file coords_38.cif (mmCIF, C-alpha atoms)
data_input
#
loop_
_atom_site.label_atom_id
_atom_site.label_comp_id
_atom_site.auth_asym_id
_atom_site.auth_seq_id
_atom_site.Cartn_x
_atom_site.Cartn_y
_atom_site.Cartn_z
CA MET O 1004 0.00 0.00 0.00
CA ARG O 1005 1.29 3.47 -0.87
CA ILE O 1006 0.37 6.94 0.36
CA GLU O 1007 1.14 9.51 -2.33
CA LEU O 1008 2.64 12.05 0.06
CA SER O 1009 6.21 12.84 0.94
CA VAL O 1010 7.31 11.94 4.46
CA SER O 1011 7.47 15.64 5.38
CA GLU O 1012 3.95 16.22 4.03
CA TYR O 1013 2.66 13.23 6.00
CA PHE O 1014 4.27 14.61 9.16
CA ILE O 1015 2.91 18.12 8.57
CA ILE O 1016 -0.65 16.81 8.14
CA GLY O 1017 -0.52 15.00 11.47
CA PHE O 1018 1.10 17.94 13.22
CA ALA O 1019 -1.53 20.32 11.82
CA LEU O 1020 -4.35 18.02 12.95
CA LEU O 1021 -2.81 17.89 16.41
CA LEU O 1022 -2.74 21.70 16.65
CA LEU O 1023 -6.26 21.93 15.24
CA GLY O 1024 -7.50 19.45 17.82
CA ARG O 1025 -5.87 21.35 20.68
CA THR O 1026 -7.34 24.64 19.46
CA ILE O 1027 -10.86 23.22 19.12
CA HIS O 1028 -10.53 21.53 22.50
CA TYR O 1029 -9.74 24.83 24.17
CA LEU O 1030 -12.21 27.02 22.30
CA ALA O 1031 -15.15 24.59 22.34
CA VAL O 1032 -14.66 22.23 25.29
CA THR O 1033 -12.52 23.90 27.94
CA ARG O 1034 -14.31 27.24 27.73
CA TYR O 1035 -17.73 25.60 27.85
CA LEU O 1036 -16.85 23.51 30.91
CA ARG O 1037 -15.23 26.50 32.61
CA GLU O 1038 -18.35 28.59 32.10
CA ARG O 1039 -20.43 25.83 33.70
CA GLY O 1040 -17.99 25.42 36.59
CA VAL O 1041 -17.32 21.72 35.97
CA LEU O 1042 -13.76 21.97 34.66
CA LEU O 1043 -12.05 21.48 38.03
CA ALA O 1044 -13.86 18.19 38.55
CA VAL O 1045 -11.95 16.55 35.68
CA ASP O 1046 -8.60 18.35 36.03
CA ARG O 1047 -6.95 15.42 37.83
CA SER O 1048 -8.03 12.73 35.42
CA PRO O 1049 -5.16 10.58 34.04
CA ILE O 1050 -6.50 11.15 30.52
CA ARG O 1051 -7.72 14.69 30.95
CA ASP O 1052 -8.81 15.35 27.37
CA TRP O 1053 -11.07 12.32 27.15
CA SER O 1054 -12.57 13.07 30.55
CA GLU O 1055 -13.27 16.64 29.49
CA TRP O 1056 -14.88 15.40 26.29
CA ALA O 1057 -17.10 13.08 28.31
CA ALA O 1058 -18.05 15.92 30.67
CA TYR O 1059 -18.64 18.20 27.67
CA ARG O 1060 -20.91 15.63 26.04
CA LYS O 1061 -22.89 15.14 29.23
CA ALA O 1062 -23.27 18.89 29.75
CA ARG O 1063 -24.29 19.54 26.15
CA LEU O 1064 -26.89 16.77 26.24
CA SER O 1065 -28.33 18.10 29.48
CA ASP O 1066 -28.60 21.52 27.84
CA HIS O 1067 -30.10 19.96 24.69
CA GLN O 1068 -27.25 21.39 22.62
CA PRO O 1069 -25.69 19.79 19.49
CA LEU O 1070 -22.49 17.75 19.84
CA THR O 1071 -20.85 19.02 16.66
CA TRP O 1072 -17.44 19.77 18.17
CA TRP O 1073 -17.48 16.54 20.17
CA TYR O 1074 -17.84 14.59 16.93
CA VAL O 1075 -15.15 16.71 15.26
CA LEU O 1076 -12.68 16.08 18.08
CA TRP O 1077 -13.25 12.34 18.05
CA THR O 1078 -12.89 12.30 14.27
CA ILE O 1079 -9.53 14.07 14.58
CA GLN O 1080 -8.54 11.61 17.31
CA ILE O 1081 -9.35 8.62 15.10
CA VAL O 1082 -7.49 10.12 12.13
CA LEU O 1083 -4.45 10.76 14.33
CA CYS O 1084 -4.63 7.17 15.55
CA PHE O 1085 -4.43 5.92 11.97
CA TRP O 1086 -1.69 8.49 11.32
CA MET O 1087 0.38 6.96 14.13
CA ILE O 1088 -0.34 3.44 12.89
CA GLY O 1089 0.89 4.62 9.49
CA TRP O 1090 4.28 5.52 10.96
CA PHE O 1091 4.64 2.05 12.48
CA ALA O 1092 3.53 0.42 9.22
CA PHE O 1093 6.01 2.58 7.30
CA ALA O 1094 8.82 1.59 9.66
CA GLY O 1095 7.89 -2.07 9.26
CA GLY O 1096 7.71 -1.90 5.47
CA ALA O 1097 3.97 -2.60 5.23
CA LEU O 1098 3.22 0.93 4.02
CA LYS O 1099 4.97 3.12 1.48
CA ILE O 1100 5.00 6.86 2.11
CA GLY O 1101 6.33 8.91 -0.76
CA ARG O 1102 5.43 10.23 -4.13
CA THR O 1103 6.07 8.03 -7.13
CA SER O 1104 9.34 9.07 -8.72
CA HIS O 1105 9.03 11.41 -11.67
CA PHE O 1106 12.03 10.82 -13.88
CA VAL O 1107 13.30 12.77 -16.84
CA ASP O 1108 12.41 9.77 -19.04
CA THR O 1109 13.75 11.03 -22.37
CA VAL O 1110 13.45 9.22 -25.67
CA ALA O 1111 16.10 6.61 -26.35
CA ASP O 1112 19.39 7.76 -27.87
CA ALA O 1113 21.28 6.03 -30.68
CA ASP O 1114 22.56 3.38 -28.25
CA GLY O 1115 19.10 2.67 -26.87
CA TYR O 1116 19.62 4.44 -23.54
CA ARG O 1117 16.97 6.63 -21.95
CA THR O 1118 17.89 9.26 -19.38
CA VAL O 1119 15.78 8.76 -16.27
CA PHE O 1120 17.71 11.07 -13.96
CA ASP O 1121 19.83 14.15 -14.47
CA VAL O 1122 20.83 16.18 -11.43
CA GLU O 1123 20.55 19.48 -13.28
CA GLN O 1124 17.20 18.76 -14.89
CA SER O 1125 15.76 17.43 -11.64
CA GLY O 1126 16.58 20.76 -9.99
CA TYR O 1127 16.97 21.42 -6.30
CA ARG O 1128 14.63 18.85 -4.73
CA HIS O 1129 14.83 19.51 -1.00
CA TRP O 1130 12.74 22.63 -0.49
CA GLY O 1131 10.20 20.73 1.58
CA PHE O 1132 12.79 19.23 3.91
CA ALA O 1133 14.55 22.54 4.48
CA ALA O 1134 11.30 24.48 4.90
CA SER O 1135 9.92 22.00 7.44
CA GLY O 1136 11.92 23.83 10.08
CA LEU O 1137 9.69 26.87 9.54
CA ILE O 1138 6.87 24.93 11.20
CA PHE O 1139 8.76 25.08 14.48
CA VAL O 1140 9.60 28.74 13.92
CA ALA O 1141 5.86 29.39 13.65
CA VAL O 1142 5.22 27.29 16.76
CA GLY O 1143 7.81 29.33 18.63
CA PHE O 1144 6.13 32.61 17.68
CA ALA O 1145 2.69 31.21 18.54
CA MET O 1146 3.76 29.66 21.84
CA PRO O 1147 3.18 32.74 24.07
CA ALA O 1148 -0.39 32.98 22.77
CA LEU O 1149 -0.91 29.23 23.23
CA PHE O 1150 0.25 29.51 26.85
CA ARG O 1151 -1.88 32.59 27.47
CA LEU O 1152 -5.05 31.08 26.01
CA GLY O 1153 -4.53 27.76 27.74
CA ILE O 1154 -4.48 25.74 24.52
CA VAL O 1155 -1.37 24.06 25.92
CA GLY O 1156 -0.58 23.75 29.60
CA LYS O 1157 1.50 26.49 31.16
CA PRO O 1158 5.02 25.37 32.16
CA ALA O 1159 7.24 27.11 34.70
CA ALA O 1160 7.72 30.85 34.27
CA TRP O 1161 11.29 30.50 33.02
CA MET O 1162 10.15 28.00 30.38
CA GLN O 1163 7.40 30.36 29.23
CA LYS O 1164 10.11 32.95 28.66
CA TRP O 1165 12.82 30.84 27.07
CA LEU O 1166 11.03 27.98 25.31
CA PRO O 1167 9.57 30.17 22.51
CA ARG O 1168 12.99 31.75 21.96
CA VAL O 1169 14.68 28.36 21.79
CA PHE O 1170 12.12 27.18 19.23
CA VAL O 1171 12.45 30.27 17.04
CA VAL O 1172 16.24 30.57 17.15
CA GLY O 1173 16.93 26.83 16.98
CA ALA O 1174 14.48 26.17 14.15
CA THR O 1175 15.71 29.20 12.19
CA LEU O 1176 19.34 28.10 12.47
CA TRP O 1177 18.37 24.53 11.52
CA THR O 1178 16.42 25.71 8.46
CA VAL O 1179 19.23 27.97 7.25
CA ALA O 1180 21.89 25.30 7.84
CA VAL O 1181 19.92 22.55 6.09
CA PHE O 1182 19.09 24.74 3.11
CA ALA O 1183 22.69 25.93 2.77
CA ALA O 1184 24.15 22.43 3.03
CA THR O 1185 21.72 20.80 0.60
CA PHE O 1186 21.80 23.63 -1.93
CA VAL O 1187 25.61 23.77 -1.94
CA ASP O 1188 25.68 19.99 -2.44
CA TYR O 1189 23.30 20.37 -5.38
CA ARG O 1190 25.33 23.16 -7.03
CA ARG O 1191 28.56 21.19 -6.63
CA ALA O 1192 26.94 18.15 -8.22
CA VAL O 1193 25.72 20.21 -11.18
CA ASP O 1194 29.18 21.76 -11.53
CA ALA O 1195 30.80 18.32 -11.50
CA LEU O 1196 28.50 17.17 -14.30
CA HIS O 1197 29.13 20.31 -16.37
CA ASN O 1198 32.89 20.38 -15.95
CA ALA O 1199 33.55 16.71 -16.67
CA LYS O 1200 34.52 15.96 -13.07
CA ALA O 1201 32.11 13.05 -13.04
CA LYS O 1202 33.27 9.58 -14.05
CA VAL O 1203 31.23 7.35 -16.34
CA VAL O 1204 30.58 3.63 -16.03
CA GLU O 1205 28.50 1.47 -18.35
CA GLY O 1206 27.28 -2.08 -17.97
CA ARG O 1207 24.66 -4.25 -16.33
CA VAL O 1208 23.46 -3.91 -12.75
CA ASP O 1209 25.02 -6.69 -10.70
CA HIS O 1210 24.80 -7.78 -7.05
CA TYR O 1211 21.60 -5.80 -6.67
CA SER O 1212 20.32 -5.70 -3.10
CA GLN O 1213 17.69 -3.68 -1.30
CA VAL O 1214 16.49 -3.06 2.22
CA PRO O 1215 12.77 -2.23 1.82
CA THR O 1216 11.85 1.36 2.81
CA LYS O 1217 15.52 2.13 3.46
CA SER O 1218 18.16 1.64 0.77
CA GLU O 1219 19.48 -0.29 -2.20
CA SER O 1220 22.92 -1.09 -3.57
CA PHE O 1221 24.46 -2.61 -6.69
CA ASP O 1222 27.64 -2.84 -8.77
CA VAL O 1223 28.30 -1.83 -12.35
CA ASN O 1224 31.58 -3.21 -13.69
CA GLY O 1225 33.05 -3.26 -10.21
CA VAL O 1226 31.89 0.24 -9.25
CA LYS O 1227 29.71 0.07 -6.17
CA PHE O 1228 26.68 2.30 -5.61
CA TRP O 1229 24.52 2.75 -2.53
CA TYR O 1230 21.76 5.24 -1.78
CA SER O 1231 18.63 5.64 0.28
CA ASP O 1232 15.36 7.53 -0.03
CA ASN O 1233 15.92 8.63 3.56
CA VAL O 1234 19.32 10.22 2.92
CA ILE O 1235 19.23 13.78 1.61
CA ILE O 1236 21.59 14.08 -1.36
CA ALA O 1237 21.62 15.91 -4.67
CA GLY O 1238 22.16 12.74 -6.68
CA PHE O 1239 19.84 9.92 -7.61
CA ASN O 1240 18.33 8.13 -4.60
CA HIS O 1241 14.99 6.67 -5.73
CA THR O 1242 14.88 3.05 -4.60
CA ALA O 1243 12.83 0.43 -6.41
CA PHE O 1244 10.63 0.16 -3.31
CA HIS O 1245 9.46 3.72 -4.01
CA GLY O 1246 9.18 3.33 -7.78
CA GLY O 1247 12.82 3.59 -8.85
CA PRO O 1248 14.01 1.91 -12.07
CA ILE O 1249 17.04 -0.10 -10.94
CA ARG O 1250 16.74 -3.89 -11.28
CA GLN O 1251 19.17 -6.80 -11.39
CA GLY O 1252 20.64 -7.16 -14.88
CA LEU O 1253 19.44 -3.77 -16.11
CA PRO O 1254 21.84 -2.17 -18.64
CA VAL O 1255 22.81 1.26 -17.33
CA LYS O 1256 25.14 4.12 -18.03
CA ILE O 1257 26.01 6.19 -14.98
CA TRP O 1258 27.78 9.50 -14.46
CA TYR O 1259 28.94 9.56 -10.84
CA TRP O 1260 30.90 11.85 -8.52
CA ARG O 1261 31.86 11.29 -4.89
CA GLY O 1262 29.57 8.28 -4.71
CA GLN O 1263 26.53 10.14 -6.04
CA ILE O 1264 24.78 9.28 -9.30
CA LEU O 1265 24.52 12.54 -11.24
CA ARG O 1266 23.02 11.13 -14.42
CA LEU O 1267 21.40 7.76 -14.95
CA GLN O 1268 20.57 6.19 -18.29
CA ILE O 1269 18.91 2.80 -18.70
CA LYS O 1270 17.80 0.30 -21.34
CA PRO O 1271 14.54 -0.85 -19.72
CA GLY O 1272 13.68 -3.41 -22.38
CA GLU O 1273 16.84 -5.43 -21.74
CA ALA O 1274 16.63 -5.84 -17.97
CA ASN O 1275 16.15 -9.59 -18.18
CA ALA O 1276 18.26 -10.24 -21.25
CA LEU O 1277 21.23 -12.55 -20.89
#

call {"tool": "encode", "arguments": {"input": "coords_38.cif", "output": "structure tokens"}}
result
Amino acid sequence: MRIELSVSEYFIIGFALLLLGRTIHYLAVTRYLRERGVLLAVDRSPIRDWSEWAAYRKARLSDHQPLTWWYVLWTIQIVLCFWMIGWFAFAGGALKIGRTSHFVDTVADADGYRTVFDVEQSGYRHWGFAASGLIFVAVGFAMPALFRLGIVGKPAAWMQKWLPRVFVVGATLWTVAVFAATFVDYRRAVDALHNAKAKVVEGRVDHYSQVPTKSESFDVNGVKFWYSDNVIIAGFNHTAFHGGPIRQGLPVKIWYWRGQILRLQIKPGEANAL
């Protein structure tokens, strides 16, 4: 089974649902119970949210009011439960999270090769990963308001002062560092391809091996290659598990530099030829 979302998109959806649930809980449930004076009765419950939802439902029914937000909160809870199960299934290999690879896929050249990856044509591919740090920057800026409104529990006074700053500064530095590192790696890879710094090897894929959801490796005329969907690099890293083209016996022509595949050409019709 595959979910056509990147790992970062999958994470962001769950994180957004979590924040949405906390906001609705405060605005709809906590305020309502506080106005009725029943909030303190459930404050010491081991699962406070569920106890508050139960108290909210009971109070709304006694007032003959609709349970719209109660249903919304439980729907979010169920979705988040499946979201968590998805992470475990992904870790165990039962679920694929990631968009199907979109290769260059040019027409075959005179030798029958088709280019399925070119580092320059693929462009800088890690905007989402680098920008994911901005989520925590936003959380840092929103944290004082979240504390003030009671959407999240208030920590000690010193944490209320320093935690937002740590989030903002730390996440900003992380975002800048990740973007700089990945973009510099990309530009160096493009430069290596342009300036003939990359070596070329041609032959059939041999000793192909894969670790589902993690990595794959193979040899071409004694040159070893290894990559993973989970490792952020400028070069080719689309494993067969996530729709990549590499198979045992596949004729390939590879431009490589510092262990990264900068251009990949294949003859797909001859993968099983002897």

call {"tool": "resolve_selection", "arguments": {"input": "coords_38.cif", "expression": "the PyMOL selection byres ((chain O and resi 1172-1174) around 12)", "output": "JSON, numbers by chain"}}
result
{"O": [1133, 1134, 1135, 1136, 1137, 1138, 1139, 1140, 1141, 1142, 1143, 1144, 1165, 1166, 1167, 1168, 1169, 1170, 1171, 1175, 1176, 1177, 1178, 1179, 1180, 1181]}

call {"tool": "residues_around", "arguments": {"input": "coords_38.cif", "residues": "Ile1249 in chain O", "least_positions_apart": "5", "cutoff": "10 Å", "atoms": "all atoms listed in the file", "output": "list in words"}}
result
Val1208, Tyr1211, Glu1219, Ser1220, Phe1221, His1241, Thr1242, Ala1243, Phe1244, Pro1254, Val1255, Leu1267, Ile1269, Pro1271 and Ala1274 of chain O

call {"tool": "atom_distance", "arguments": {"input": "coords_38.cif", "atom1": "CA of Phe1018 in chain O", "atom2": "CA of Trp1086 in chain O"}}
result
10.0 Å

call {"tool": "atom_distance", "arguments": {"input": "coords_38.cif", "atom1": "CA of Ala1237 in chain O", "atom2": "CA of Val1010 in chain O"}}
result
17.4 Å

call {"tool": "resolve_selection", "arguments": {"input": "coords_38.cif", "expression": "the PyMOL selection byres ((chain O and resi 1026) around 12)", "output": "list of chain:residue names"}}
result
O:Ala1019, O:Leu1020, O:Leu1021, O:Leu1022, O:Leu1023, O:Gly1024, O:Arg1025, O:Ile1027, O:His1028, O:Tyr1029, O:Leu1030, O:Ala1031, O:Val1032, O:Thr1033, O:Arg1034, O:Trp1072, O:Val1075, O:Leu1076, O:Ile1079, O:Ala1148, O:Leu1149, O:Phe1150, O:Leu1152, O:Gly1153, O:Ile1154, O:Val1155

call {"tool": "closest_residue", "arguments": {"input": "coords_38.cif", "among": "O:Val1122, O:Val1223, O:Ala1159, O:Ile1081", "to": "Gly1252 in chain O", "atoms": "only C-alpha atoms"}}
result
O:Val1223

call {"tool": "closest_residue", "arguments": {"input": "coords_38.cif", "among": "O:Leu1036, O:Phe1186, O:Arg1250, O:Arg1266", "to": "Tyr1116 in chain O", "atoms": "all atoms listed in the file"}}
result
O:Arg1266

call {"tool": "atom_distance", "arguments": {"input": "coords_38.cif", "atom1": "CA of Leu1064 in chain O", "atom2": "CA of Leu1083 in chain O"}}
result
26.1 Å

call {"tool": "closest_residue", "arguments": {"input": "coords_38.cif", "among": "O:Pro1069, O:Ala1062, O:Trp1229, O:Arg1037", "to": "Val1214 in chain O", "atoms": "only C-alpha atoms"}}
result
O:Trp1229

call {"tool": "closest_residue", "arguments": {"input": "coords_38.cif", "among": "O:Ala1097, O:Ala1160, O:Ala1058, O:Val1203", "to": "Pro1147 in chain O", "atoms": "all atoms listed in the file"}}
result
O:Ala1160
